[in-house]
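What follows is the content of query15.cif, which has mmCIF, C-alpha atoms:
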data_protein
#
loop_
_atom_site.label_atom_id
_atom_site.label_comp_id
_atom_site.auth_asym_id
_atom_site.auth_seq_id
_atom_site.Cartn_x
_atom_site.Cartn_y
_atom_site.Cartn_z
CA LYS A 1 13.56 37.80 0.82
CA ARG A 2 13.71 34.21 1.96
CA PHE A 3 17.39 34.38 3.02
CA VAL A 4 16.62 37.26 5.40
CA LEU A 5 13.90 35.23 7.13
CA GLN A 6 16.19 32.19 7.28
CA PHE A 7 18.95 34.32 8.82
CA ILE A 8 16.58 35.71 11.46
CA GLN A 9 15.16 32.28 12.32
CA SER A 10 18.63 30.74 12.54
CA ARG A 11 19.93 33.44 14.87
CA ILE A 12 16.82 33.25 17.07
CA ARG A 13 17.37 29.50 17.50
CA GLN A 14 21.02 30.18 18.42
CA VAL A 15 20.33 33.03 20.84
CA LEU A 16 16.99 32.27 22.49
CA PRO A 17 16.45 29.02 24.36
CA THR A 18 13.18 27.26 23.54
CA ARG A 19 11.79 28.09 26.98
CA VAL A 20 12.13 31.83 26.25
CA ARG A 21 10.32 31.51 22.94
CA SER A 22 7.37 29.86 24.68
CA GLU A 23 7.46 31.86 27.92
CA PRO A 24 4.50 34.11 28.72
CA CYS A 25 6.70 36.88 30.15
CA SER A 26 9.95 37.97 28.49
CA VAL A 27 11.30 41.44 27.76
CA GLY A 28 13.43 42.78 24.94
CA LEU A 29 15.59 45.85 25.63
CA HIS A 30 17.23 48.19 23.16
CA VAL A 31 19.87 50.36 24.78
CA ARG A 32 21.30 52.84 22.32
CA ARG A 33 24.34 54.92 23.11
CA GLY A 34 26.37 55.24 19.89
CA ASP A 35 26.89 58.65 18.38
CA LYS A 36 24.37 60.29 20.72
CA ALA A 37 26.83 59.79 23.57
CA TYR A 38 29.63 61.70 21.90
CA ASP A 39 28.00 64.12 19.49
CA GLU A 40 27.86 67.60 21.03
CA TYR A 41 24.88 68.49 18.84
CA GLN A 42 22.85 65.37 19.63
CA GLY A 43 24.17 64.54 23.08
CA CYS A 44 21.59 63.31 25.53
CA TYR A 45 21.32 62.12 29.10
CA PHE A 46 21.60 58.39 29.66
CA GLY A 47 19.84 57.03 32.67
CA SER A 48 21.27 54.07 34.46
CA ILE A 49 20.84 50.52 33.26
CA ASP A 50 18.88 50.00 36.50
CA ALA A 51 16.05 52.09 35.03
CA TYR A 52 15.73 49.71 32.06
CA VAL A 53 15.60 46.64 34.32
CA GLU A 54 13.14 48.30 36.72
CA ARG A 55 10.87 49.22 33.81
CA ALA A 56 11.09 45.67 32.46
CA LYS A 57 10.09 44.29 35.86
CA ARG A 58 7.16 46.73 36.07
CA LEU A 59 5.92 45.63 32.66
CA CYS A 60 6.24 41.96 33.45
CA ARG A 61 6.48 41.17 37.17
CA SER A 62 7.38 37.53 36.65
CA VAL A 63 10.03 38.22 34.02
CA ARG A 64 12.76 35.58 33.98
CA ASP A 65 14.55 36.54 30.79
CA ILE A 66 15.68 39.88 29.38
CA TYR A 67 17.18 40.07 25.90
CA VAL A 68 19.33 43.12 25.14
CA SER A 69 20.32 44.63 21.83
CA THR A 70 22.80 47.49 22.12
CA ASP A 71 25.57 49.34 20.33
CA ASP A 72 27.61 49.68 23.54
CA PRO A 73 29.53 46.61 24.77
CA SER A 74 29.67 48.00 28.33
CA VAL A 75 25.87 47.69 28.53
CA ILE A 76 26.21 43.91 28.26
CA ASP A 77 28.60 43.84 31.23
CA GLY A 78 26.47 46.22 33.28
CA LEU A 79 23.27 44.34 32.62
CA ALA A 80 24.86 40.98 33.41
CA SER A 81 25.53 41.96 37.02
CA MET A 82 22.26 43.89 37.31
CA THR A 83 20.11 41.01 36.11
CA ARG A 84 21.86 38.60 38.50
CA GLN A 85 20.80 40.85 41.39
CA HIS A 86 17.20 40.66 40.15
CA GLN A 87 17.43 36.91 39.49
CA VAL A 88 16.72 37.41 35.81
CA ALA A 89 18.63 35.79 32.94
CA MET A 90 20.24 38.30 30.58
CA LEU A 91 20.41 37.14 26.98
CA HIS A 92 22.18 38.77 24.06
CA ASP A 93 23.49 37.84 20.64
CA PRO A 94 27.27 37.48 21.01
CA LEU A 95 27.66 37.63 17.22
CA GLU A 96 25.89 40.98 16.92
CA ALA A 97 28.32 43.72 15.93
CA ARG A 98 28.53 46.53 18.46
CA TYR A 99 29.62 49.43 16.28
CA ASN A 100 26.21 50.76 15.35
CA GLY A 101 26.95 54.43 14.99
CA SER A 102 30.04 55.44 16.88
CA HIS A 103 33.76 55.30 16.26
CA ILE A 104 34.12 55.03 20.04
CA PHE A 105 32.78 51.46 19.90
CA ALA A 106 34.07 50.58 16.43
CA PRO A 107 36.16 47.43 16.09
CA SER A 108 39.87 48.01 15.70
CA GLY A 109 40.79 48.82 12.14
CA ILE A 110 37.65 50.84 11.37
CA SER A 111 38.97 54.14 10.12
CA LEU A 112 38.07 57.21 12.16
CA ALA A 113 38.10 59.27 8.96
CA ARG A 114 35.09 57.35 7.70
CA TRP A 115 33.30 56.98 11.00
CA PRO A 116 30.68 57.88 12.37
CA ALA A 117 29.26 58.22 8.87
CA PHE A 118 27.20 55.32 7.57
CA PRO A 119 29.29 52.15 7.93
CA GLY A 120 28.97 51.55 4.20
CA ASN A 121 31.64 54.20 3.81
CA ASP A 122 34.24 51.96 5.45
CA PRO A 123 35.51 48.93 3.52
CA LEU A 124 36.22 47.10 6.78
CA VAL A 125 32.52 47.01 7.72
CA HIS A 126 30.50 44.23 6.09
CA THR A 127 27.42 46.26 5.15
CA SER A 128 25.26 43.25 4.22
CA MET A 129 25.80 41.72 7.66
CA TYR A 130 25.26 45.11 9.27
CA ALA A 131 21.87 45.34 7.53
CA LEU A 132 20.92 41.75 8.37
CA GLU A 133 21.86 42.24 12.04
CA THR A 134 19.71 45.36 12.21
CA ILE A 135 16.73 43.62 10.59
CA LYS A 136 17.19 40.67 12.95
CA SER A 137 17.29 42.93 16.00
CA VAL A 138 14.21 44.89 14.96
CA TRP A 139 12.30 41.68 14.25
CA MET A 140 13.29 40.05 17.55
CA LEU A 141 12.51 43.12 19.63
CA SER A 142 9.19 43.59 17.83
CA PHE A 143 7.84 40.06 17.85
CA ALA A 144 9.84 37.61 19.98
CA PHE A 145 9.07 39.01 23.44
CA THR A 146 5.94 39.88 25.38
CA ASP A 147 7.24 43.35 26.32
CA PHE A 148 9.78 45.90 25.09
CA VAL A 149 11.78 48.69 26.72
CA GLY A 150 13.62 51.23 24.61
CA SER A 151 14.31 54.93 24.31
CA VAL A 152 12.47 57.36 22.04
CA THR A 153 15.83 58.97 21.21
CA SER A 154 16.57 55.87 19.15
CA SER A 155 15.04 55.49 15.69
CA MET A 156 15.36 51.73 16.06
CA SER A 157 13.37 51.73 19.31
CA ARG A 158 10.71 53.95 17.76
CA LEU A 159 10.44 51.50 14.84
CA VAL A 160 10.07 48.59 17.26
CA TYR A 161 7.33 50.44 19.16
CA GLN A 162 5.48 51.04 15.89
CA LEU A 163 5.75 47.40 14.77
CA ARG A 164 4.53 46.10 18.13
#

Take the structure in the file and write it out as structure tokens.
Amino acid sequence: KRFVLQFIQSRIRQVLPTRVRSEPCSVGLHVRRGDKAYDEYQGCYFGSIDAYVERAKRLCRSVRDIYVSTDDPSVIDGLASMTRQHQVAMLHDPLEARYNGSHIFAPSGISLARWPAFPGNDPLVHTSMYALETIKSVWMLSFAFTDFVGSVTSSMSRLVYQLR
């Protein structure tokens, strides 16, 4: 639909400076923690954020900008200091909701009884925006950067890898 494309284009203009959109070497990261971090049946090991940045630098030695999409707000803070050490600009969408799959990261007011089920089960989650944000993130990570780093434990990252 046209409104989806307009939403994506508008957010890209807000989040990514023009120089990033025309740069020959930029990397998109998807760091998923969410329910995998707290579900005893799906729990998995999370390597350090350093590993993501190191991989990004191996893919694109002259990388100046790294865009991150994540469901864990602490990743933003961790990457901010990490990217400063590597003299790389860390970009993210400050409007992107960070409750993609876990009541641990849910905004206050999201009921634990309805979470971590699909957010459509909770009336406090705007499901249309949730869907648009996800489509925007997949599109950006698939097409707006020269390289991508993600985890195969994430369905979103696997989708991005397939679209690239």

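You will find atom CA of A:Met129 at 16.5 Å from atom CA of A:Gln14.
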
Practice item. For A:Met82, work out the shell of residues within 9 Å, counting only C-alpha atoms and skipping chain neighbours fewer than 4 positions away, then give it as a list in words. Key: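 Once the adjacent positions are removed, what remains is Ile49, Asp50, Val53, Asp77, Gly78, His86, Gln87, Val88 and Met90 of chain A.
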
Practice item. Would you please work out which residue, of A:Lys57, A:Arg158, A:His30, A:Arg164, is nearest to A:Ser142 when using only C-alpha atoms? Key: A:Arg164

Check your understanding: Any idea what's packed within 9 Å of A:Val68, counting all atoms listed in the file, ignoring anything in its chain fewer than 2 positions away? Could you give it as a PyMOL selection string?
Key -> chain A and resi 27-31+66+70+75-76+79+90-93+141

Point to revise | Residues matched by the PyMOL selection byres ((chain A and resi 96) around 9) as a PyMOL selection string | key: chain A and resi 69-70+92-95+97-98+130+133-134+137

Exercise for review: Find the distance between atom CA of A:Arg58 and atom CA of A:Glu23 and write it in Å to one decimal.
Suggested key: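 Separation between atom CA of A:Arg58 and atom CA of A:Glu23: 17.0 Å.
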